[in-house]
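Chemist: Here's a structure for you.
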Amino acid sequence: MKRLLRNLTLVTTLFSAATLLADDAELLAGKWSVKKVNEQGEAFTQTIEVKKDKFVFEILGADGQPALHAEGDLKLEKLGPFKSAHFSHIRAGIAGSDLQDVDEERVSVYMLDGDTWLVASNKAKASAQSASGGALVIDNVEMANTPQGSTWFVCFEAKVGDVTRRFYVENKPYEKNQVTIPVALELPKVAAGQKCAFKLQLDDVDGDACSDEPDNKSTGEFTVSAKGSQSFKPEDNWRYTIHWHLK
């Protein structure tokens with residue numbers, strides 16, 4: 001158990017970065033990981049999953065087998081001008097089913113930089129990348145045909161998990177067919193393989209495009225990939241293609 005405690009003392013400098021300020025909570029909640037090499041040249045992976053005021057931390061060997069599992073409480077505090085993480089009520093073991101109380105609490109400071117966080121303590125510093133991916137960017141909607149006869153307005157909404165983004169430009173009309181609409185919607189922390197649900201609405205009255213009763217409404221979803229597109233045909237005279245990429 002003493003060796004386990006020494007390992008936990010070292011790795012807490014990684015997962016302390018997951019402690020959240022109110023503005024950081026939405027960005028950092030989820031699973032994060034970092035790949036490292038120990039003093040013997042052996043590769044291993046550290047992961048942490050943050051859910052509200054709880055954390056679950058794991059070390060996995062090169063073969064993917066667990067070498068350490070730790071979990072406990074997180075509390076956000078301020079140390080002067082710094083953001084700090086207070087880890088308490090820690091329980092640890094080789095696996096999640098065999099945990100023992102750890103008579104130790106840890107406090108570290110951290111800095112968030114996009115999809116990377118940097119953590120520093122009096123022993124070490126480390127950075128990690130989000131295991132949940134980068135940002136999904138929906139580049140454009142290519143409208144091949146529309147059911148609208150002349151001038152029309154568009155409202156496009158995309159959702160992944162609990163995050164929703166909407167494209168709508170007031171007083172921006174489009175005409176007839178063969179139109180590419182640069183929506184440029186960005187949804188954070190999306191990984192390849194996740195589902196993106198969307199809603200596309202058209203109306204010849206500007207203020208009705210995002211209403212509950214537009215002239216035309218299409219809903220669907222696509223599976224996120226590094227870069228891709230998918231075509232949809234909700235009506236005989238309506239066909240469009242959504243283009244996206246991960247960054």
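Scheme for the structure tokens: letters A, B, ... for chains in order shown; per-chain residue numbers from 1; ligand numbers from 1 in order shown.
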Write out as a Markdown table a residue-level contact list of stretch 165-230 of chain A versus stretch 27-43 of chain A with cut-off 12 Å: for each qualifying residue the closest pair of atoms and the distance in Å to one decimal, counting only C-alpha atoms, rows sorted by chain and residue number upward.

Modeler:
```
| residue | atom | partner | partner_atom | distance |
| --- | --- | --- | --- | --- |
| A:Leu187 | CA | A:Leu27 | CA | 10.9 |
| A:Pro188 | CA | A:Leu27 | CA | 7.7 |
| A:Lys189 | CA | A:Leu27 | CA | 7.6 |
| A:Val190 | CA | A:Gly30 | CA | 10.8 |
| A:Ala191 | CA | A:Lys31 | CA | 11.3 |
```

Chemist: Would you write out those residues with C-alpha atoms, as a compact mmCIF listing (two decimals), in the first residue's frame?

Modeler:
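To be explicit, this is the file written out as result-v3.txt:
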```txt
# COMPACT_ATOMS: atom_id res chain seq x y z
CA LEU A 187 -19.53 22.42 -30.87
CA PRO A 188 -16.80 21.76 -28.26
CA LYS A 189 -15.45 18.43 -27.02
CA VAL A 190 -16.79 16.14 -29.72
CA ALA A 191 -15.07 12.92 -30.75
```

Chemist: Among stretch 190-235 of chain A, which ones does DSSP place in strand (DSSP E), written as an MDAnalysis selection string?

Modeler: chainID A and resid 190 195:203 216:223 227:235

Chemist: With N, CA and C atoms retained, could you export that selection as a PDB file, in the first residue's frame?

Modeler:
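So the final result, stored in selection35.pdb, reads:
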```pdb
ATOM      1  N   VAL A 190     -16.101  17.178 -28.961  1.00  0.00           N
ATOM      2  CA  VAL A 190     -16.788  16.139 -29.720  1.00  0.00           C
ATOM      3  C   VAL A 190     -15.748  15.193 -30.302  1.00  0.00           C
ATOM      4  N   LYS A 195     -22.787  10.985 -32.241  1.00  0.00           N
ATOM      5  CA  LYS A 195     -23.903  11.376 -33.085  1.00  0.00           C
ATOM      6  C   LYS A 195     -24.191  12.866 -32.938  1.00  0.00           C
ATOM      7  N   CYS A 196     -24.400  13.528 -34.060  1.00  0.00           N
ATOM      8  CA  CYS A 196     -24.816  14.934 -34.067  1.00  0.00           C
ATOM      9  C   CYS A 196     -26.227  15.006 -34.627  1.00  0.00           C
ATOM     10  N   ALA A 197     -27.161  15.473 -33.817  1.00  0.00           N
ATOM     11  CA  ALA A 197     -28.543  15.654 -34.255  1.00  0.00           C
ATOM     12  C   ALA A 197     -28.709  17.092 -34.753  1.00  0.00           C
ATOM     13  N   PHE A 198     -29.602  17.275 -35.716  1.00  0.00           N
ATOM     14  CA  PHE A 198     -29.776  18.626 -36.258  1.00  0.00           C
ATOM     15  C   PHE A 198     -31.231  18.869 -36.642  1.00  0.00           C
ATOM     16  N   LYS A 199     -31.507  20.150 -36.823  1.00  0.00           N
ATOM     17  CA  LYS A 199     -32.829  20.595 -37.272  1.00  0.00           C
ATOM     18  C   LYS A 199     -32.623  21.717 -38.286  1.00  0.00           C
ATOM     19  N   LEU A 200     -33.224  21.589 -39.468  1.00  0.00           N
ATOM     20  CA  LEU A 200     -33.101  22.577 -40.536  1.00  0.00           C
ATOM     21  C   LEU A 200     -34.489  23.066 -40.902  1.00  0.00           C
ATOM     22  N   GLN A 201     -34.698  24.388 -40.847  1.00  0.00           N
ATOM     23  CA  GLN A 201     -36.017  24.963 -41.102  1.00  0.00           C
ATOM     24  C   GLN A 201     -35.929  26.073 -42.134  1.00  0.00           C
ATOM     25  N   LEU A 202     -36.933  26.130 -43.008  1.00  0.00           N
ATOM     26  CA  LEU A 202     -37.021  27.158 -44.050  1.00  0.00           C
ATOM     27  C   LEU A 202     -38.373  27.848 -43.959  1.00  0.00           C
ATOM     28  N   ASP A 203     -38.384  29.148 -44.284  1.00  0.00           N
ATOM     29  CA  ASP A 203     -39.639  29.895 -44.320  1.00  0.00           C
ATOM     30  C   ASP A 203     -39.456  31.121 -45.200  1.00  0.00           C
ATOM     31  N   ASN A 216     -41.147  24.709 -43.876  1.00  0.00           N
ATOM     32  CA  ASN A 216     -40.524  23.400 -44.099  1.00  0.00           C
ATOM     33  C   ASN A 216     -39.546  23.092 -42.982  1.00  0.00           C
ATOM     34  N   LYS A 217     -39.575  21.841 -42.516  1.00  0.00           N
ATOM     35  CA  LYS A 217     -38.717  21.430 -41.405  1.00  0.00           C
ATOM     36  C   LYS A 217     -38.146  20.052 -41.682  1.00  0.00           C
ATOM     37  N   SER A 218     -36.835  19.905 -41.462  1.00  0.00           N
ATOM     38  CA  SER A 218     -36.166  18.612 -41.630  1.00  0.00           C
ATOM     39  C   SER A 218     -35.314  18.341 -40.401  1.00  0.00           C
ATOM     40  N   THR A 219     -35.390  17.135 -39.870  1.00  0.00           N
ATOM     41  CA  THR A 219     -34.555  16.733 -38.742  1.00  0.00           C
ATOM     42  C   THR A 219     -33.800  15.458 -39.104  1.00  0.00           C
ATOM     43  N   GLY A 220     -32.667  15.251 -38.456  1.00  0.00           N
ATOM     44  CA  GLY A 220     -31.876  14.055 -38.721  1.00  0.00           C
ATOM     45  C   GLY A 220     -30.641  14.024 -37.850  1.00  0.00           C
ATOM     46  N   GLU A 221     -29.724  13.135 -38.170  1.00  0.00           N
ATOM     47  CA  GLU A 221     -28.472  13.045 -37.453  1.00  0.00           C
ATOM     48  C   GLU A 221     -27.412  12.429 -38.353  1.00  0.00           C
ATOM     49  N   PHE A 222     -26.153  12.653 -37.973  1.00  0.00           N
ATOM     50  CA  PHE A 222     -25.047  12.026 -38.679  1.00  0.00           C
ATOM     51  C   PHE A 222     -23.989  11.614 -37.667  1.00  0.00           C
ATOM     52  N   THR A 223     -23.156  10.658 -38.063  1.00  0.00           N
ATOM     53  CA  THR A 223     -22.069  10.183 -37.214  1.00  0.00           C
ATOM     54  C   THR A 223     -20.819  11.003 -37.496  1.00  0.00           C
ATOM     55  N   LYS A 227     -13.492  14.233 -41.009  1.00  0.00           N
ATOM     56  CA  LYS A 227     -13.984  15.126 -42.048  1.00  0.00           C
ATOM     57  C   LYS A 227     -15.010  14.362 -42.850  1.00  0.00           C
ATOM     58  N   GLY A 228     -16.146  14.996 -43.147  1.00  0.00           N
ATOM     59  CA  GLY A 228     -17.145  14.257 -43.882  1.00  0.00           C
ATOM     60  C   GLY A 228     -18.311  15.112 -44.339  1.00  0.00           C
ATOM     61  N   SER A 229     -19.243  14.452 -44.998  1.00  0.00           N
ATOM     62  CA  SER A 229     -20.467  15.087 -45.459  1.00  0.00           C
ATOM     63  C   SER A 229     -21.547  14.029 -45.586  1.00  0.00           C
ATOM     64  N   GLN A 230     -22.784  14.457 -45.527  1.00  0.00           N
ATOM     65  CA  GLN A 230     -23.904  13.529 -45.668  1.00  0.00           C
ATOM     66  C   GLN A 230     -25.078  14.268 -46.294  1.00  0.00           C
ATOM     67  N   SER A 231     -25.738  13.601 -47.243  1.00  0.00           N
ATOM     68  CA  SER A 231     -26.865  14.198 -47.949  1.00  0.00           C
ATOM     69  C   SER A 231     -28.182  13.701 -47.371  1.00  0.00           C
ATOM     70  N   PHE A 232     -29.190  14.556 -47.455  1.00  0.00           N
ATOM     71  CA  PHE A 232     -30.507  14.242 -46.927  1.00  0.00           C
ATOM     72  C   PHE A 232     -31.568  14.666 -47.949  1.00  0.00           C
ATOM     73  N   LYS A 233     -32.667  13.928 -47.991  1.00  0.00           N
ATOM     74  CA  LYS A 233     -33.771  14.219 -48.914  1.00  0.00           C
ATOM     75  C   LYS A 233     -35.088  14.080 -48.162  1.00  0.00           C
ATOM     76  N   PRO A 234     -35.485  15.111 -47.391  1.00  0.00           N
ATOM     77  CA  PRO A 234     -36.699  15.014 -46.582  1.00  0.00           C
ATOM     78  C   PRO A 234     -37.983  15.071 -47.396  1.00  0.00           C
ATOM     79  N   GLU A 235     -37.926  15.699 -48.586  1.00  0.00           N
ATOM     80  CA  GLU A 235     -39.100  15.784 -49.461  1.00  0.00           C
ATOM     81  C   GLU A 235     -38.642  15.555 -50.898  1.00  0.00           C
TER      82      GLU A 235
END
```

Chemist: Please list as an NGL selection string every residue within 12 Å of A:Cys155, counting only C-alpha atoms and excluding residues in the same chain fewer than 6 positions away.

Modeler: :A and (141 or 165-174 or 181 or 183 or 198-212 or 214-219)

Chemist: Compare A:Asp113, A:Glu186, A:Asp73, A:Asp98 by their minimum atom-to-atom distance to A:Asp139, counting only C-alpha atoms, and give me the closest one.

Modeler: A:Glu186

Chemist: Quick one: pull the distance between atom CA of A:Asp162 and atom CA of A:Lys52, Å, one decimal.

Modeler: 14.6 Å

Chemist: Just how far from atom CA of A:Gln194 is atom CA of A:Glu58, in Å to one decimal?

Modeler: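 Atom-to-atom, atom CA of A:Glu58 to atom CA of A:Gln194, that is 23.3 Å.
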
Chemist: If I take atom CA of A:Thr116 and atom CA of A:Val102, how far is one from the other in Å, to one decimal?

Modeler: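 So the two atoms, atom CA of A:Thr116 and atom CA of A:Val102, lie 28.1 Å apart.
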
Chemist: Write out as a count of residues only all residues of stretch 23-216 of chain A that backbone DSSP assigns to alpha helix (DSSP H).

Modeler: 4

Chemist: For A:Gly61, which residue out of A:Met143, A:Leu136, A:Ile94, A:Leu185 is the nearest one, using only C-alpha atoms?

Modeler: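 Smallest separation from A:Gly61 among the options: A:Ile94.
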
Chemist: Extract, using only C-alpha atoms, all DNA, RNA and protein residues at most 10 Å from A:Ala67, discarding same-chain residues fewer than 5 positions from it, and format them as number ranges by chain.

Modeler: A: 4, 7, 44-46, 58-61, 93-95

Chemist: Given only C-alpha atoms as the basis, pick out the residue of A:Ala85, A:Phe153, A:Ile138, A:Val163 nearest to A:Val224.

Modeler: A:Ile138

Chemist: Choose the residue, out of A:Arg91, A:Lys176, A:Lys54, A:Lys159, that has the smallest atom-to-atom separation from A:Leu76; count only C-alpha atoms.

Modeler: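 For A:Leu76, the nearest of the given residues is A:Lys54.
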
Chemist: Write out, as a Markdown table, each residue of stretch 27-93 of chain A that has an atom at most 9 Å from stretch 108-111 of chain A, together with the closest pair of atoms and their distance in Å to one decimal, counting only C-alpha atoms, rows going by chain and rising number.

Modeler:
```
| residue | atom | partner | partner_atom | distance |
| --- | --- | --- | --- | --- |
| A:Lys78 | CA | A:Val109 | CA | 8.9 |
| A:Leu79 | CA | A:Val109 | CA | 8.0 |
| A:Phe82 | CA | A:Val109 | CA | 6.4 |
| A:Lys83 | CA | A:Val109 | CA | 5.5 |
| A:Ser84 | CA | A:Val109 | CA | 4.2 |
| A:Ala85 | CA | A:Ser108 | CA | 5.4 |
| A:His86 | CA | A:Ser108 | CA | 7.0 |
| A:Phe87 | CA | A:Ser108 | CA | 8.8 |
```

Chemist: Next, dump the selected residues to file, keeping only C-alpha atoms, as a PDB file, in the first residue's frame.

Modeler:
```pdb
ATOM      1  CA  LYS A  78      -8.734  30.063  -4.762  1.00  0.00           C
ATOM      2  CA  LEU A  79      -5.095  30.467  -3.794  1.00  0.00           C
ATOM      3  CA  PHE A  82      -4.601  31.083  -8.903  1.00  0.00           C
ATOM      4  CA  LYS A  83      -7.202  28.410  -9.547  1.00  0.00           C
ATOM      5  CA  SER A  84      -6.671  25.454  -7.245  1.00  0.00           C
ATOM      6  CA  ALA A  85      -7.992  21.931  -6.799  1.00  0.00           C
ATOM      7  CA  HIS A  86      -8.590  20.264  -3.466  1.00  0.00           C
ATOM      8  CA  PHE A  87      -8.750  16.440  -3.658  1.00  0.00           C
TER       9      PHE A  87
END
```
